[in-house]
$ cat start_34.cif   # mmCIF, C-alpha atoms
data_coords
loop_
_atom_site.group_PDB
_atom_site.id
_atom_site.type_symbol
_atom_site.label_atom_id
_atom_site.label_comp_id
_atom_site.auth_asym_id
_atom_site.auth_seq_id
_atom_site.Cartn_x
_atom_site.Cartn_y
_atom_site.Cartn_z
ATOM 1 C CA MET A 56 -8.725 -2.946 19.440
ATOM 2 C CA THR A 57 -7.749 -3.385 15.787
ATOM 3 C CA LYS A 58 -7.344 -0.104 13.935
ATOM 4 C CA PHE A 59 -8.169 0.351 10.250
ATOM 5 C CA SER A 60 -7.098 2.675 7.464
ATOM 6 C CA ALA A 61 -9.347 3.373 4.470
ATOM 7 C CA ASN A 62 -7.561 3.074 1.142
ATOM 8 C CA LEU A 63 -9.168 5.867 -0.837
ATOM 9 C CA GLY A 64 -7.901 4.523 -4.117
ATOM 10 C CA PHE A 65 -10.780 2.047 -3.855
ATOM 11 C CA LEU A 66 -13.088 3.295 -1.068
ATOM 12 C CA TRP A 67 -15.165 6.418 -1.814
ATOM 13 C CA ASN A 68 -13.183 6.781 -5.031
ATOM 14 C CA ASP A 69 -16.213 8.377 -6.697
ATOM 15 C CA ARG A 70 -15.561 11.525 -4.636
ATOM 16 C CA PRO A 71 -12.810 14.149 -4.680
ATOM 17 C CA LEU A 72 -10.043 13.108 -2.320
ATOM 18 C CA PRO A 73 -10.807 15.697 0.396
ATOM 19 C CA ASP A 74 -14.437 14.540 0.494
ATOM 20 C CA ALA A 75 -13.349 10.892 0.599
ATOM 21 C CA ILE A 76 -11.160 11.697 3.619
ATOM 22 C CA ARG A 77 -14.147 13.262 5.363
ATOM 23 C CA ALA A 78 -16.294 10.222 4.540
ATOM 24 C CA ALA A 79 -13.661 7.902 6.018
ATOM 25 C CA GLY A 80 -13.582 9.975 9.174
ATOM 26 C CA ALA A 81 -17.375 9.903 9.480
ATOM 27 C CA ALA A 82 -17.333 6.112 9.012
ATOM 28 C CA GLY A 83 -14.973 5.624 11.940
ATOM 29 C CA PHE A 84 -11.681 4.798 10.237
ATOM 30 C CA ASP A 85 -8.518 5.520 12.210
ATOM 31 C CA ALA A 86 -6.416 6.659 9.236
ATOM 32 C CA VAL A 87 -6.466 6.916 5.453
ATOM 33 C CA GLU A 88 -4.157 6.082 2.564
ATOM 34 C CA CYS A 89 -4.438 6.490 -1.184
ATOM 35 C CA HIS A 90 -2.824 5.652 -4.490
ATOM 36 C CA TRP A 91 -2.177 8.782 -6.573
ATOM 37 C CA PRO A 92 -3.377 12.035 -4.961
ATOM 38 C CA TYR A 93 -1.666 14.381 -7.390
ATOM 39 C CA ALA A 94 -4.776 15.619 -9.197
ATOM 40 C CA PHE A 95 -5.853 17.280 -5.947
ATOM 41 C CA ASP A 96 -4.282 20.359 -4.409
ATOM 42 C CA SER A 97 -2.277 19.323 -1.367
ATOM 43 C CA ALA A 98 -3.637 22.221 0.685
ATOM 44 C CA GLY A 99 -7.199 20.938 0.320
ATOM 45 C CA VAL A 100 -6.123 17.427 1.239
ATOM 46 C CA ALA A 101 -4.207 18.696 4.278
ATOM 47 C CA GLU A 102 -7.255 20.711 5.330
ATOM 48 C CA ALA A 103 -9.500 17.627 5.206
ATOM 49 C CA LEU A 104 -6.948 15.619 7.171
ATOM 50 C CA GLY A 105 -6.813 18.350 9.784
ATOM 51 C CA GLU A 106 -10.599 18.535 10.052
ATOM 52 C CA THR A 107 -10.948 14.795 10.588
ATOM 53 C CA GLY A 108 -7.826 14.236 12.668
ATOM 54 C CA LEU A 109 -6.793 11.425 10.314
ATOM 55 C CA GLN A 110 -3.260 10.821 9.103
ATOM 56 C CA MET A 111 -2.536 9.954 5.494
ATOM 57 C CA LEU A 112 -0.463 6.817 6.004
ATOM 58 C CA GLY A 113 0.888 6.597 2.491
ATOM 59 C CA ILE A 114 0.776 7.497 -1.183
ATOM 60 C CA ASN A 115 2.263 5.923 -4.340
ATOM 61 C CA THR A 116 4.708 7.209 -6.901
ATOM 62 C CA VAL A 117 3.061 7.702 -10.287
ATOM 63 C CA ARG A 118 2.734 4.778 -12.685
ATOM 64 C CA GLY A 119 4.134 6.459 -15.797
ATOM 65 C CA ASP A 120 2.288 6.179 -19.106
ATOM 66 C CA VAL A 121 -0.973 4.646 -17.915
ATOM 67 C CA ALA A 122 -2.438 4.545 -21.429
ATOM 68 C CA ALA A 123 0.501 2.349 -22.456
ATOM 69 C CA GLY A 124 -0.105 0.045 -19.485
ATOM 70 C CA GLU A 125 2.788 1.177 -17.285
ATOM 71 C CA ASN A 126 2.613 0.464 -13.557
ATOM 72 C CA GLY A 127 5.636 2.204 -12.106
ATOM 73 C CA LEU A 128 8.990 3.476 -13.338
ATOM 74 C CA SER A 129 11.629 2.695 -10.752
ATOM 75 C CA ALA A 130 12.919 -0.633 -12.123
ATOM 76 C CA LEU A 131 12.835 0.390 -15.786
ATOM 77 C CA PRO A 132 16.291 0.710 -17.387
ATOM 78 C CA GLY A 133 16.647 3.978 -19.243
ATOM 79 C CA ARG A 134 13.876 5.679 -17.256
ATOM 80 C CA GLN A 135 15.940 6.682 -14.226
ATOM 81 C CA ASP A 136 15.395 10.432 -14.628
ATOM 82 C CA GLU A 137 11.617 9.972 -14.810
ATOM 83 C CA ALA A 138 11.693 7.660 -11.815
ATOM 84 C CA ARG A 139 13.617 10.195 -9.742
ATOM 85 C CA ALA A 140 11.226 12.941 -10.789
ATOM 86 C CA ALA A 141 8.319 10.751 -9.650
ATOM 87 C CA ILE A 142 10.037 10.178 -6.299
ATOM 88 C CA ASP A 143 10.677 13.914 -5.897
ATOM 89 C CA GLN A 144 7.008 14.592 -6.668
ATOM 90 C CA ALA A 145 5.860 12.037 -4.104
ATOM 91 C CA VAL A 146 8.199 13.311 -1.384
ATOM 92 C CA ALA A 147 7.082 16.911 -1.898
ATOM 93 C CA TYR A 148 3.399 15.922 -1.770
ATOM 94 C CA ALA A 149 3.927 13.675 1.249
ATOM 95 C CA VAL A 150 5.659 16.477 3.124
ATOM 96 C CA ALA A 151 2.824 18.887 2.276
ATOM 97 C CA ILE A 152 0.165 16.576 3.748
ATOM 98 C CA ASP A 153 2.330 14.941 6.450
ATOM 99 C CA ALA A 154 2.014 11.482 4.901
ATOM 100 C CA GLY A 155 3.992 8.775 6.650
ATOM 101 C CA ALA A 156 5.104 6.610 3.723
ATOM 102 C CA ILE A 157 5.613 6.441 -0.025
ATOM 103 C CA HIS A 158 5.182 3.260 -2.047
ATOM 104 C CA VAL A 159 7.807 3.371 -4.798
ATOM 105 C CA MET A 160 6.330 1.451 -7.715
ATOM 106 C CA ALA A 161 8.761 -0.743 -9.636
ATOM 107 C CA GLY A 162 6.959 -1.316 -12.928
ATOM 108 C CA PHE A 163 7.139 -4.136 -15.478
ATOM 109 C CA ALA A 164 10.716 -5.331 -15.910
ATOM 110 C CA THR A 165 12.952 -8.314 -15.259
ATOM 111 C CA GLY A 166 16.589 -9.270 -14.912
ATOM 112 C CA PRO A 167 19.767 -8.045 -13.199
ATOM 113 C CA GLU A 168 19.805 -4.646 -14.912
ATOM 114 C CA ALA A 169 16.272 -3.921 -13.719
ATOM 115 C CA GLU A 170 17.262 -4.947 -10.194
ATOM 116 C CA ALA A 171 20.255 -2.618 -10.217
ATOM 117 C CA VAL A 172 18.101 0.233 -11.490
ATOM 118 C CA PHE A 173 15.472 -0.428 -8.816
ATOM 119 C CA VAL A 174 18.048 -0.556 -6.026
ATOM 120 C CA GLY A 175 19.420 2.767 -7.244
ATOM 121 C CA ALA A 176 15.957 4.295 -7.235
ATOM 122 C CA LEU A 177 15.271 2.987 -3.735
ATOM 123 C CA GLU A 178 18.548 4.388 -2.440
ATOM 124 C CA TYR A 179 17.614 7.749 -3.941
ATOM 125 C CA ALA A 180 14.098 7.598 -2.490
ATOM 126 C CA CYS A 181 15.252 6.614 0.978
ATOM 127 C CA ALA A 182 17.800 9.429 1.071
ATOM 128 C CA ALA A 183 15.213 11.964 -0.098
ATOM 129 C CA ALA A 184 12.578 10.765 2.378
ATOM 130 C CA ALA A 185 14.699 10.257 5.485
ATOM 131 C CA PRO A 186 15.059 13.936 6.513
ATOM 132 C CA HIS A 187 11.260 14.159 6.639
ATOM 133 C CA GLY A 188 10.734 10.980 8.647
ATOM 134 C CA ILE A 189 9.049 9.290 5.676
ATOM 135 C CA THR A 190 9.183 5.518 5.159
ATOM 136 C CA ILE A 191 9.723 4.090 1.681
ATOM 137 C CA LEU A 192 7.625 0.999 0.929
ATOM 138 C CA ILE A 193 7.963 -1.707 -1.699
ATOM 139 C CA GLU A 194 5.120 -4.109 -2.466
ATOM 140 C CA PRO A 195 5.113 -7.468 -4.257
ATOM 141 C CA LEU A 196 2.195 -7.689 -6.703
ATOM 142 C CA ASN A 197 0.585 -10.961 -7.731
ATOM 143 C CA PRO A 198 0.957 -12.357 -11.281
ATOM 144 C CA TYR A 199 -2.780 -12.499 -11.938
ATOM 145 C CA ASP A 200 -3.367 -8.758 -11.527
ATOM 146 C CA ALA A 201 0.104 -7.571 -12.549
ATOM 147 C CA PRO A 202 1.850 -10.165 -14.762
ATOM 148 C CA GLY A 203 5.457 -9.179 -15.346
ATOM 149 C CA TYR A 204 5.697 -6.774 -12.412
ATOM 150 C CA PHE A 205 9.300 -6.629 -11.261
ATOM 151 C CA LEU A 206 8.683 -7.222 -7.545
ATOM 152 C CA ALA A 207 6.871 -10.545 -7.314
ATOM 153 C CA SER A 208 7.657 -12.190 -3.952
ATOM 154 C CA THR A 209 8.416 -11.460 -0.328
ATOM 155 C CA GLY A 210 11.783 -13.186 -0.697
ATOM 156 C CA GLN A 211 12.736 -10.784 -3.465
ATOM 157 C CA ALA A 212 11.549 -7.858 -1.325
ATOM 158 C CA ARG A 213 13.638 -9.064 1.624
ATOM 159 C CA SER A 214 16.708 -9.266 -0.628
ATOM 160 C CA LEU A 215 16.146 -5.751 -1.994
ATOM 161 C CA ILE A 216 15.742 -4.305 1.491
ATOM 162 C CA ARG A 217 19.011 -5.919 2.564
ATOM 163 C CA LYS A 218 20.859 -4.754 -0.561
ATOM 164 C CA THR A 219 19.619 -1.202 -0.182
ATOM 165 C CA GLY A 220 20.479 -1.138 3.508
ATOM 166 C CA ALA A 221 18.354 1.883 4.374
ATOM 167 C CA ALA A 222 16.611 1.962 7.751
ATOM 168 C CA ASN A 223 13.534 3.631 6.246
ATOM 169 C CA LEU A 224 12.927 1.011 3.534
ATOM 170 C CA LYS A 225 10.135 -1.403 4.481
ATOM 171 C CA LEU A 226 7.813 -4.022 3.027
ATOM 172 C CA MET A 227 4.180 -3.306 2.227
ATOM 173 C CA PHE A 228 2.598 -6.646 3.119
ATOM 174 C CA ASP A 229 -0.668 -6.813 1.188
ATOM 175 C CA CYS A 230 -2.413 -9.976 2.389
ATOM 176 C CA TYR A 231 -4.404 -10.187 -0.848
ATOM 177 C CA HIS A 232 -1.303 -10.168 -3.058
ATOM 178 C CA ILE A 233 0.803 -12.383 -0.779
ATOM 179 C CA GLN A 234 -1.928 -15.005 -0.464
ATOM 180 C CA LEU A 235 -2.101 -15.248 -4.261
ATOM 181 C CA ILE A 236 1.693 -15.313 -4.641
ATOM 182 C CA GLU A 237 2.798 -17.505 -1.739
ATOM 183 C CA GLY A 238 0.056 -18.180 0.826
ATOM 184 C CA ASP A 239 1.040 -19.158 4.381
ATOM 185 C CA LEU A 240 0.179 -15.675 5.644
ATOM 186 C CA SER A 241 0.569 -16.316 9.361
ATOM 187 C CA HIS A 242 4.106 -17.678 9.152
ATOM 188 C CA ARG A 243 5.134 -15.015 6.658
ATOM 189 C CA LEU A 244 3.811 -12.224 8.873
ATOM 190 C CA SER A 245 5.752 -13.662 11.800
ATOM 191 C CA SER A 246 9.022 -14.040 9.931
ATOM 192 C CA LEU A 247 8.821 -10.742 8.057
ATOM 193 C CA LEU A 248 7.501 -8.584 10.905
ATOM 194 C CA PRO A 249 10.750 -6.620 11.404
ATOM 195 C CA LEU A 250 10.663 -5.606 7.728
ATOM 196 C CA ILE A 251 6.960 -4.722 7.515
ATOM 197 C CA GLY A 252 6.037 -1.055 7.229
ATOM 198 C CA HIS A 253 2.345 -1.443 6.422
ATOM 199 C CA VAL A 254 -0.257 -4.214 6.102
ATOM 200 C CA GLN A 255 -3.184 -4.196 3.667
ATOM 201 C CA PHE A 256 -6.043 -6.632 3.200
ATOM 202 C CA ALA A 257 -8.952 -7.686 1.005
ATOM 203 C CA SER A 258 -10.784 -10.934 0.360
ATOM 204 C CA VAL A 259 -9.147 -13.570 -1.802
ATOM 205 C CA PRO A 260 -9.585 -14.252 -4.665
ATOM 206 C CA ASP A 261 -12.032 -11.479 -5.611
ATOM 207 C CA ARG A 262 -10.432 -8.524 -3.722
ATOM 208 C CA GLY A 263 -13.787 -7.706 -2.125
ATOM 209 C CA THR A 264 -14.787 -7.086 1.486
ATOM 210 C CA PRO A 265 -12.674 -9.099 3.947
ATOM 211 C CA ASP A 266 -15.546 -11.038 5.495
ATOM 212 C CA ARG A 267 -15.596 -13.620 2.683
ATOM 213 C CA GLY A 268 -13.213 -15.704 0.608
ATOM 214 C CA GLU A 269 -10.386 -18.048 1.495
ATOM 215 C CA VAL A 270 -8.553 -15.944 4.110
ATOM 216 C CA ASN A 271 -9.774 -15.931 7.714
ATOM 217 C CA TYR A 272 -9.129 -12.329 8.689
ATOM 218 C CA HIS A 273 -10.360 -12.888 12.238
ATOM 219 C CA HIS A 274 -7.295 -15.077 12.626
ATOM 220 C CA ILE A 275 -4.946 -12.778 10.689
ATOM 221 C CA PHE A 276 -5.866 -9.695 12.721
ATOM 222 C CA GLU A 277 -5.607 -11.603 16.014
ATOM 223 C CA HIS A 278 -2.242 -12.981 14.905
ATOM 224 C CA LEU A 279 -0.937 -9.501 14.097
ATOM 225 C CA ALA A 280 -2.100 -8.251 17.485
ATOM 226 C CA ALA A 281 -0.339 -11.160 19.200
ATOM 227 C CA LEU A 282 2.850 -10.217 17.329
ATOM 228 C CA GLY A 283 2.559 -6.708 18.746
ATOM 229 C CA TYR A 284 1.627 -5.025 15.467
ATOM 230 C CA ASP A 285 -0.770 -2.199 16.358
ATOM 231 C CA ALA A 286 -0.624 0.210 13.402
ATOM 232 C CA PRO A 287 -3.790 0.747 11.337
ATOM 233 C CA LEU A 288 -4.395 -2.002 8.761
ATOM 234 C CA GLY A 289 -5.190 -0.854 5.244
ATOM 235 C CA ALA A 290 -8.604 -1.781 3.841
ATOM 236 C CA GLU A 291 -7.821 -1.916 0.128
ATOM 237 C CA TYR A 292 -10.765 -3.774 -1.335
ATOM 238 C CA LYS A 293 -12.978 -3.309 -4.365
ATOM 239 C CA SER A 294 -16.733 -3.251 -4.158
ATOM 240 C CA THR A 295 -19.594 -3.037 -6.612
ATOM 241 C CA ALA A 296 -21.746 -1.285 -3.973
ATOM 242 C CA PRO A 297 -21.450 2.193 -2.427
ATOM 243 C CA THR A 298 -18.656 2.149 0.149
ATOM 244 C CA ASP A 299 -20.839 3.025 3.143
ATOM 245 C CA SER A 300 -22.970 -0.062 2.534
ATOM 246 C CA THR A 301 -19.913 -2.382 2.603
ATOM 247 C CA LEU A 302 -18.539 -1.551 6.054
ATOM 248 C CA GLY A 303 -20.291 -4.167 8.182
ATOM 249 C CA TRP A 304 -16.998 -6.051 8.500
ATOM 250 C CA MET A 305 -15.512 -3.219 10.586
ATOM 251 C CA LYS A 306 -17.612 -3.915 13.679
ATOM 252 C CA ARG A 307 -17.018 -7.654 13.432
ATOM 253 C CA PHE A 308 -13.254 -7.303 13.161
ATOM 254 C CA ALA A 309 -12.584 -4.281 15.378
ATOM 255 C CA GLY A 310 -12.522 -6.122 18.710
#

$ encode --input "start_34.cif" --output "structure tokens"
Amino acid sequence: MTKFSANLGFLWNDRPLPDAIRAAGAAGFDAVECHWPYAFDSAGVAEALGETGLQMLGINTVRGDVAAGENGLSALPGRQDEARAAIDQAVAYAVAIDAGAIHVMAGFATGPEAEAVFVGALEYACAAAAPHGITILIEPLNPYDAPGYFLASTGQARSLIRKTGAANLKLMFDCYHIQLIEGDLSHRLSSLLPLIGHVQFASVPDRGTPDRGEVNYHHIFEHLAALGYDAPLGAEYKSTAPTDSTLGWMKRFAG
């Protein structure tokens, strides 16, 4: 049976994080994940996770100056100290709530210097996370939602993982982003499977519930199962309706 994780950056995001975790548990999700949990005390989050029996699969490093439009720090030349501080913050929070992974956000940058800075940040993150059994994730973002984001393809992600050479550095394969960047999801999942640390999904092109749009998630989920991938898949979709009223897809796709 396919297992699902609720991404609480989008689902039940009108509630405090501990209450969103409880809502995900009541709705039948197998795990949870979120974007930036730092406004909430880690003890309260850990308590909600313990009550529900859910694991927090992953969190993100902070974006930086959100008001200025920043979307990550780790590939920005001259911002290395801030990027390391953001990684330290994420590792400490992840340890406190027993989160399994941290998505290190690259930010808007380009060129060889940015790549060198990002590789350095990833090496630092992997070394900091490894003693705690935490996976570091990197995620290509599509050019429609995040024009100018440093990490923009699975090929680039594969190259960065090889250059960094850390066993705990993996690819976050977001089907929504990869469909918009490259398409050909089935073949890419097959070829990249050894590098994949987490899979997310939403409809394309509107990032809504996965039972509409141009991607056949019945096929994608069956394909992942055939490949032997059995970790919870991250539901990271946006909705204009209350979350509980959008979950009809779960029963259709769970088998």

$ residues_around --input "start_34.cif" --residues "Ala103 of chain A" --least-positions-apart "6" --cutoff "9 Å" --atoms "all atoms listed in the file" --output "PyMOL selection string"
chain A and resi 72-74+76-77+109

$ closest_residue --input "start_34.cif" --among "A:Pro202, A:Ser97, A:Leu177, A:Arg217" --to "Glu125 of chain A" --atoms "all atoms listed in the file"
A:Pro202

$ atom_distance --input "start_34.cif" --atom1 "atom CA of Thr165 of chain A" --atom2 "atom CA of Phe205 of chain A"
5.7 Å

$ residues_around --input "start_34.cif" --residues "Gly238 of chain A" --least-positions-apart "5" --cutoff "12 Å" --atoms "all atoms listed in the file" --output "ChimeraX atom specification"
/A:197,208-209,229-233,243-244,259-260,269-270

$ resolve_selection --input "start_34.cif" --expression "the PyMOL selection byres ((chain A and resi 60) around 8)" --output "PyMOL selection string"
chain A and resi 58-59+61-62+84-88+112+287-290

$ resolve_selection --input "start_34.cif" --expression "the PyMOL selection byres ((chain A and resi 283) around 12)" --output "ChimeraX atom specification"
/A:56-57,244-245,248-249,276-282,284-286

$ write_last_selection --input "start_34.cif" --atoms "C-alpha atoms" --output "mmCIF file, in the frame of the given file"
data_model
loop_
_atom_site.group_PDB
_atom_site.id
_atom_site.type_symbol
_atom_site.label_atom_id
_atom_site.label_comp_id
_atom_site.auth_asym_id
_atom_site.auth_seq_id
_atom_site.Cartn_x
_atom_site.Cartn_y
_atom_site.Cartn_z
ATOM 1 C CA MET A 56 -8.725 -2.946 19.440
ATOM 2 C CA THR A 57 -7.749 -3.385 15.787
ATOM 3 C CA LEU A 244 3.811 -12.224 8.873
ATOM 4 C CA SER A 245 5.752 -13.662 11.800
ATOM 5 C CA LEU A 248 7.501 -8.584 10.905
ATOM 6 C CA PRO A 249 10.750 -6.620 11.404
ATOM 7 C CA PHE A 276 -5.866 -9.695 12.721
ATOM 8 C CA GLU A 277 -5.607 -11.603 16.014
ATOM 9 C CA HIS A 278 -2.242 -12.981 14.905
ATOM 10 C CA LEU A 279 -0.937 -9.501 14.097
ATOM 11 C CA ALA A 280 -2.100 -8.251 17.485
ATOM 12 C CA ALA A 281 -0.339 -11.160 19.200
ATOM 13 C CA LEU A 282 2.850 -10.217 17.329
ATOM 14 C CA TYR A 284 1.627 -5.025 15.467
ATOM 15 C CA ASP A 285 -0.770 -2.199 16.358
ATOM 16 C CA ALA A 286 -0.624 0.210 13.402
#

$ resolve_selection --input "start_34.cif" --expression "the PyMOL selection byres ((chain A and resi 127-143) around 10)" --output "NGL selection string"
:A and (115-121 or 124-126 or 144-149 or 157-166 or 168-177 or 179-181 or 183-184 or 204-206)

$ closest_residue --input "start_34.cif" --among "A:Leu192, A:Ala182, A:Ala201, A:Ile152" --to "Gly105 of chain A" --atoms "only C-alpha atoms"
A:Ile152

$ atom_distance --input "start_34.cif" --atom1 "atom CA of Phe65 of chain A" --atom2 "atom CA of Thr298 of chain A"
8.8 Å

$ residues_around --input "start_34.cif" --residues "Asp299 of chain A" --least-positions-apart "3" --cutoff "9 Å" --atoms "only C-alpha atoms" --output "NGL selection string"
:A and (66-67 or 78 or 82 or 296 or 302-303)

$ atom_distance --input "start_34.cif" --atom1 "atom CA of Leu63 of chain A" --atom2 "atom CA of Ser258 of chain A"
16.9 Å

$ closest_residue --input "start_34.cif" --among "A:Ala154, A:Ala309, A:Ala81, A:Cys89" --to "Glu291 of chain A" --atoms "only C-alpha atoms"
A:Cys89

$ axis_aligned_box --input "start_34.cif" --around "segment 131-134 of chain A" --padding-each-side "8 Å" --output "JSON"
{"center_x": 14.7, "center_y": 3.0, "center_z": -17.5, "size_x": 19.8, "size_y": 21.3, "size_z": 19.5}

$ closest_residue --input "start_34.cif" --among "A:Ala123, A:Ala156, A:Leu247, A:Ala98" --to "Gln110 of chain A" --atoms "only C-alpha atoms"
A:Ala156

$ closest_residue --input "start_34.cif" --among "A:Gly83, A:Gln255, A:Glu237, A:Glu178" --to "Gly113 of chain A" --atoms "only C-alpha atoms"
A:Gln255

$ closest_residue --input "start_34.cif" --among "A:Gly80, A:Ile189, A:Arg70, A:Thr264" --to "Thr295 of chain A" --atoms "all atoms listed in the file"
A:Thr264
